[in-house]
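Input: a single structure, listed below in structure tokens.
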Amino acid sequence: MIIPEIGDTFENRYKLLKQLGQGGFASAFLAEDVLTSEKIVLKFPDITQLGDPAVYERFRRELAIGKLLNHPDLPVALTCSEGSPPYLVLKFIEGENLASVLHEKGSFPVDQAVNLVANLLDAIHHCHEQGVYHRDIKPENLLLAPDGHLKILDFGIALMEGGPRVTWRGFSGLMGTPEYMAPEQIRGERGGARSDIYSIGCLLYHLLVGNPPFTGDDPLSIMNQHLTTDPRPLTDILPKIDRRIWAVIKRALRRRKEERYATTLEMVNDLRNPENVDLEWLNKSDPPLVAVMTNERSPWLFVGIAITVGIVLALFFVYFK
Amino acid sequence: MLTTKNNSQTKLYYSFDGNTDKGQIRPRNEDYFSFFIPPDQITSETLGSLFVISDGVGGHLAGEVASAEAVNVLLQEYYFGDYPKKLPNRLKGAFAKAALHVFDLSKQHQDFSNMQCTLTALLLRQDQYFIAHAGDTKAFLLRNKTFVQLTKDHSLVAKLVRMGLVSQAQAKTHPYKHMLIRALGESPLLPIDIFTGTIQAGDIFCLVTDGILEHLTEEELQRYLLENDTLDNIQKKLIQEVNQRGGSDNMTILTVKVMEDGQN
């Protein structure tokens, strides 16, 4: 098994030029197709995934989905190799990673942020129409291209079936921190259209403010915030911002997915036509999503409390009769 | 099965059985287990008998290297390392050495980069047991038909359940249920859990990697252990059943039964 390194050439055709990024499951390299002299991207599974037969299946499926989609802001999967190591060949898109841009720039002007997200929603709408849900929209997965659009880098995580055995480091690499993860995904659902809408709501907040709505050093704390706390109001941080934008974000960030926008089209219409935005969303409460009994509390505790209260009440009535 | 006498004071015996299988899906078995029962009475009475199980993580050969190295280093360090006499501290010291060893290997060899593993050790000495643990391999105690998990899982989903954010039902199908938040190899320093208790004749300690409970419930595992058969046969039947249900992961089960003189 060859571990890809810069300078390696695969199939006498793809020469690795530089590493573009590395996640928990894959690493991406900029490469040159020596036959056509075009730049392309080669994606290899992470070393921890080698030997797992599911890797080939994932790459095949990513290729199939890439061929299903046809939008200028979506990735184009060209082919995949099932050799050793397996890899996926993607069309190269010029641009700067949005995470790096945000790191340097902090935040975006309101008009630009709204415009970027509205165009991203168009691309995601195209995916949803094809039955493809990204499930992992975050700045690290987006490129800010010279045409002023955000380009989606890949659908690798979106395609992950089941839970490959990875550790926290893999987890961190996979997701960075779960700052854009919808509450239902935290609770174990695979995620769908409304999960993408939640992530895009987080993204718009981040573009405007300079940080996502829920942050922290500990991923578990961030998950807890998604399920139990409200983000700091946008109007407190940016007093001059149009309240209607905050209303759009608040609706996208509803903890219960059925209360969010049903489609990306609805959200993009509100962003492009703010006069239609329902300002009621500014005042609606969004109760925490914690209604489960933890495994550390026994139901007998509650039975015991009920019996004790019953005895005390009985004694009370007997005494004061 | 391996039976050994504990010590003269309490006249307890241990009957040990262990079985492992790679399952139906995984190309290799990255689980590993081993044990050491001191042949001499002095060591047995001072350091006790140690039973260790590990589940490796990492592609290529790294997972199986991590688990085997961790188990063997722990055993070697516990019995032969220069550590405090007090058993919990000795276990912690040996555990720390094993964690550092796996971490060093993962940093020194490209093929082993990112390799990690769980590690759970059961120490029996005189009438006491000690569990040292990191990861999501589980240790159970079956006593008087009561089946209790002695370890706390260091997995993302188990933590979310403990925080009250995810229900037990949601946890069973959670896509990230295998994500560990603590494992050997992740960092040079590793916090571990230590649990202690008293041994009774008739106790059955059961250590399992997550592949066993991928297809069996804890209630089913308990029912298997209560069957009227040898523990080795029970383990083999159980592994066969898990494989019939899909065998989606490597699986390993160890049992240590505590017996008094004349008991089977």
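Identifiers in this document derive from the order of the structure tokens: chains are assigned A, B, ..., residues are numbered from 1 separately in each chain, and ligands are numbered from 1 in order of occurrence.
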**Request:** Select from stretch 54-140 of chain B everything DSSP, run on the backbone, classes as helix (DSSP H, G or I), then give the selection as an MDAnalysis selection string.
**Result:** chainID B and resid 62:80 87:108 110:112
**Prompt:** Contacts of B:Asp82 at 12 Å or less, counting only C-alpha atoms, minus same-chain residues fewer than 3 places along, as number ranges by chain?
**Reply:** B: 76-79, 85-86, 89-91, 93-94, 97
Write the residues of the preceding selection, restricted to N, CA and C atoms, as an mmCIF file, in the first residue's frame.
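again-v1.cif written:
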```cif
data_model
loop_
_atom_site.group_PDB
_atom_site.id
_atom_site.type_symbol
_atom_site.label_atom_id
_atom_site.label_comp_id
_atom_site.auth_asym_id
_atom_site.auth_seq_id
_atom_site.Cartn_x
_atom_site.Cartn_y
_atom_site.Cartn_z
ATOM 1 N N GLN B 76 3.635 -6.533 31.081
ATOM 2 C CA GLN B 76 5.068 -6.522 31.405
ATOM 3 C C GLN B 76 5.374 -5.455 32.454
ATOM 4 N N GLU B 77 4.831 -4.259 32.232
ATOM 5 C CA GLU B 77 5.120 -3.154 33.138
ATOM 6 C C GLU B 77 4.515 -3.393 34.515
ATOM 7 N N TYR B 78 3.307 -3.955 34.535
ATOM 8 C CA TYR B 78 2.640 -4.166 35.823
ATOM 9 C C TYR B 78 3.445 -5.124 36.696
ATOM 10 N N TYR B 79 3.913 -6.207 36.095
ATOM 11 C CA TYR B 79 4.611 -7.209 36.915
ATOM 12 C C TYR B 79 6.109 -6.919 37.101
ATOM 13 N N LYS B 85 4.024 0.006 45.161
ATOM 14 C CA LYS B 85 3.459 -1.287 45.557
ATOM 15 C C LYS B 85 1.924 -1.217 45.606
ATOM 16 N N LYS B 86 1.401 -0.013 45.915
ATOM 17 C CA LYS B 86 -0.056 0.128 46.033
ATOM 18 C C LYS B 86 -0.684 -0.148 44.653
ATOM 19 N N ASN B 89 -2.102 2.510 42.051
ATOM 20 C CA ASN B 89 -1.034 3.361 41.516
ATOM 21 C C ASN B 89 -0.131 2.574 40.567
ATOM 22 N N ARG B 90 0.069 1.317 40.905
ATOM 23 C CA ARG B 90 0.894 0.463 40.050
ATOM 24 C C ARG B 90 0.204 0.261 38.687
ATOM 25 N N LEU B 91 -1.103 0.016 38.760
ATOM 26 C CA LEU B 91 -1.878 -0.147 37.514
ATOM 27 C C LEU B 91 -1.837 1.129 36.679
ATOM 28 N N GLY B 93 0.430 3.440 36.703
ATOM 29 C CA GLY B 93 1.781 3.612 36.153
ATOM 30 C C GLY B 93 1.989 2.743 34.925
ATOM 31 N N ALA B 94 1.565 1.470 35.029
ATOM 32 C CA ALA B 94 1.734 0.558 33.902
ATOM 33 C C ALA B 94 0.867 0.988 32.718
ATOM 34 N N LYS B 97 2.479 3.850 30.947
ATOM 35 C CA LYS B 97 3.603 3.388 30.125
ATOM 36 C C LYS B 97 3.093 2.796 28.809
#
```
Please build the interface table for chain B against chain A with a cut-off of 8 Å, listing for each qualifying residue the nearest atom pair and the distance in Å to one decimal; count only C-alpha atoms, order rows by chain and increasing number, and write it as a tab-separated table.
```
residue	atom	partner	partner_atom	distance
B:Arg26	CA	A:Asp52	CA	7.2
B:Pro27	CA	A:Gly51	CA	7.3
B:Val57	CA	A:Arg165	CA	7.0
B:Gly58	CA	A:Thr48	CA	4.3
B:Gly59	CA	A:Thr48	CA	3.8
B:His60	CA	A:Leu50	CA	5.6
B:Asp111	CA	A:Ile47	CA	7.9
B:Ser113	CA	A:Ile47	CA	7.7
B:Asn114	CA	A:Thr48	CA	6.7
B:Met115	CA	A:Thr48	CA	7.4
B:Gln116	CA	A:Thr167	CA	7.8
B:Leu160	CA	A:Leu220	CA	7.6
B:Val161	CA	A:Thr294	CA	5.9
B:Arg162	CA	A:Thr294	CA	5.5
B:Met163	CA	A:Thr294	CA	6.9
B:Gly164	CA	A:Thr294	CA	4.8
B:Leu165	CA	A:Val290	CA	5.5
B:Val166	CA	A:Arg187	CA	5.4
B:Ser167	CA	A:Val292	CA	5.4
B:Gln168	CA	A:Asn295	CA	7.4
B:Gln170	CA	A:Gly188	CA	6.1
B:Ala171	CA	A:Gly188	CA	7.0
B:Thr173	CA	A:Gly188	CA	6.9
B:His174	CA	A:Gly188	CA	4.2
B:Pro175	CA	A:Gly163	CA	4.6
B:Tyr176	CA	A:Gly163	CA	5.2
B:Lys177	CA	A:Gly163	CA	6.7
B:His178	CA	A:Arg165	CA	5.1
B:Met179	CA	A:Thr167	CA	5.0
B:Leu180	CA	A:Thr167	CA	4.4
B:Ile181	CA	A:Trp168	CA	4.8
B:Arg182	CA	A:Trp168	CA	7.0
B:Ala183	CA	A:Thr167	CA	7.3
B:Glu186	CA	A:Arg169	CA	7.0
```
**DSSP strand (DSSP E) selection over stretch 123-230 of chain B, as a ChimeraX atom specification** = /B:123-125,128-134,138-143,146-149,193-198,204-208
Quick one: residues within 8 Å of B:Val258, only C-alpha atoms, excluding same-chain residues fewer than 3 positions away - as an mmCIF file with N, CA and C atoms, in the first residue's frame?
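Output file result25.cif follows:
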```cif
data_model
loop_
_atom_site.group_PDB
_atom_site.id
_atom_site.type_symbol
_atom_site.label_atom_id
_atom_site.label_comp_id
_atom_site.auth_asym_id
_atom_site.auth_seq_id
_atom_site.Cartn_x
_atom_site.Cartn_y
_atom_site.Cartn_z
ATOM 1 N N LEU B 12 -9.991 -19.061 47.038
ATOM 2 C CA LEU B 12 -10.762 -18.770 45.832
ATOM 3 C C LEU B 12 -9.972 -19.243 44.622
ATOM 4 N N TYR B 13 -10.699 -19.714 43.620
ATOM 5 C CA TYR B 13 -10.086 -20.140 42.366
ATOM 6 C C TYR B 13 -10.643 -19.286 41.237
ATOM 7 N N TYR B 14 -9.833 -19.088 40.214
ATOM 8 C CA TYR B 14 -10.315 -18.389 39.031
ATOM 9 C C TYR B 14 -10.350 -19.366 37.875
ATOM 10 N N SER B 15 -11.420 -19.326 37.154
ATOM 11 C CA SER B 15 -11.511 -20.110 35.928
ATOM 12 C C SER B 15 -11.595 -19.112 34.776
ATOM 13 N N ILE B 199 -14.453 -9.359 45.771
ATOM 14 C CA ILE B 199 -14.802 -10.566 45.024
ATOM 15 C C ILE B 199 -15.625 -11.498 45.901
ATOM 16 N N GLN B 200 -16.577 -12.180 45.273
ATOM 17 C CA GLN B 200 -17.316 -13.223 45.986
ATOM 18 C C GLN B 200 -17.266 -14.502 45.176
ATOM 19 N N ALA B 201 -17.313 -15.626 45.828
ATOM 20 C CA ALA B 201 -17.376 -16.895 45.098
ATOM 21 C C ALA B 201 -18.641 -16.892 44.252
ATOM 22 N N GLY B 202 -18.520 -17.344 43.021
ATOM 23 C CA GLY B 202 -19.672 -17.362 42.104
ATOM 24 C C GLY B 202 -19.678 -16.183 41.156
ATOM 25 N N ASP B 203 -18.891 -15.162 41.449
ATOM 26 C CA ASP B 203 -18.817 -14.003 40.549
ATOM 27 C C ASP B 203 -18.304 -14.428 39.173
ATOM 28 N N ILE B 204 -18.880 -13.825 38.149
ATOM 29 C CA ILE B 204 -18.305 -14.001 36.809
ATOM 30 C C ILE B 204 -18.002 -12.605 36.267
#
```
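Contact shell of A:Arg272 at 9 Å (only C-alpha atoms; same-chain neighbours under 4 positions omitted): Val114, Asn115, Ala118, Met267 and Val268 of chain A.
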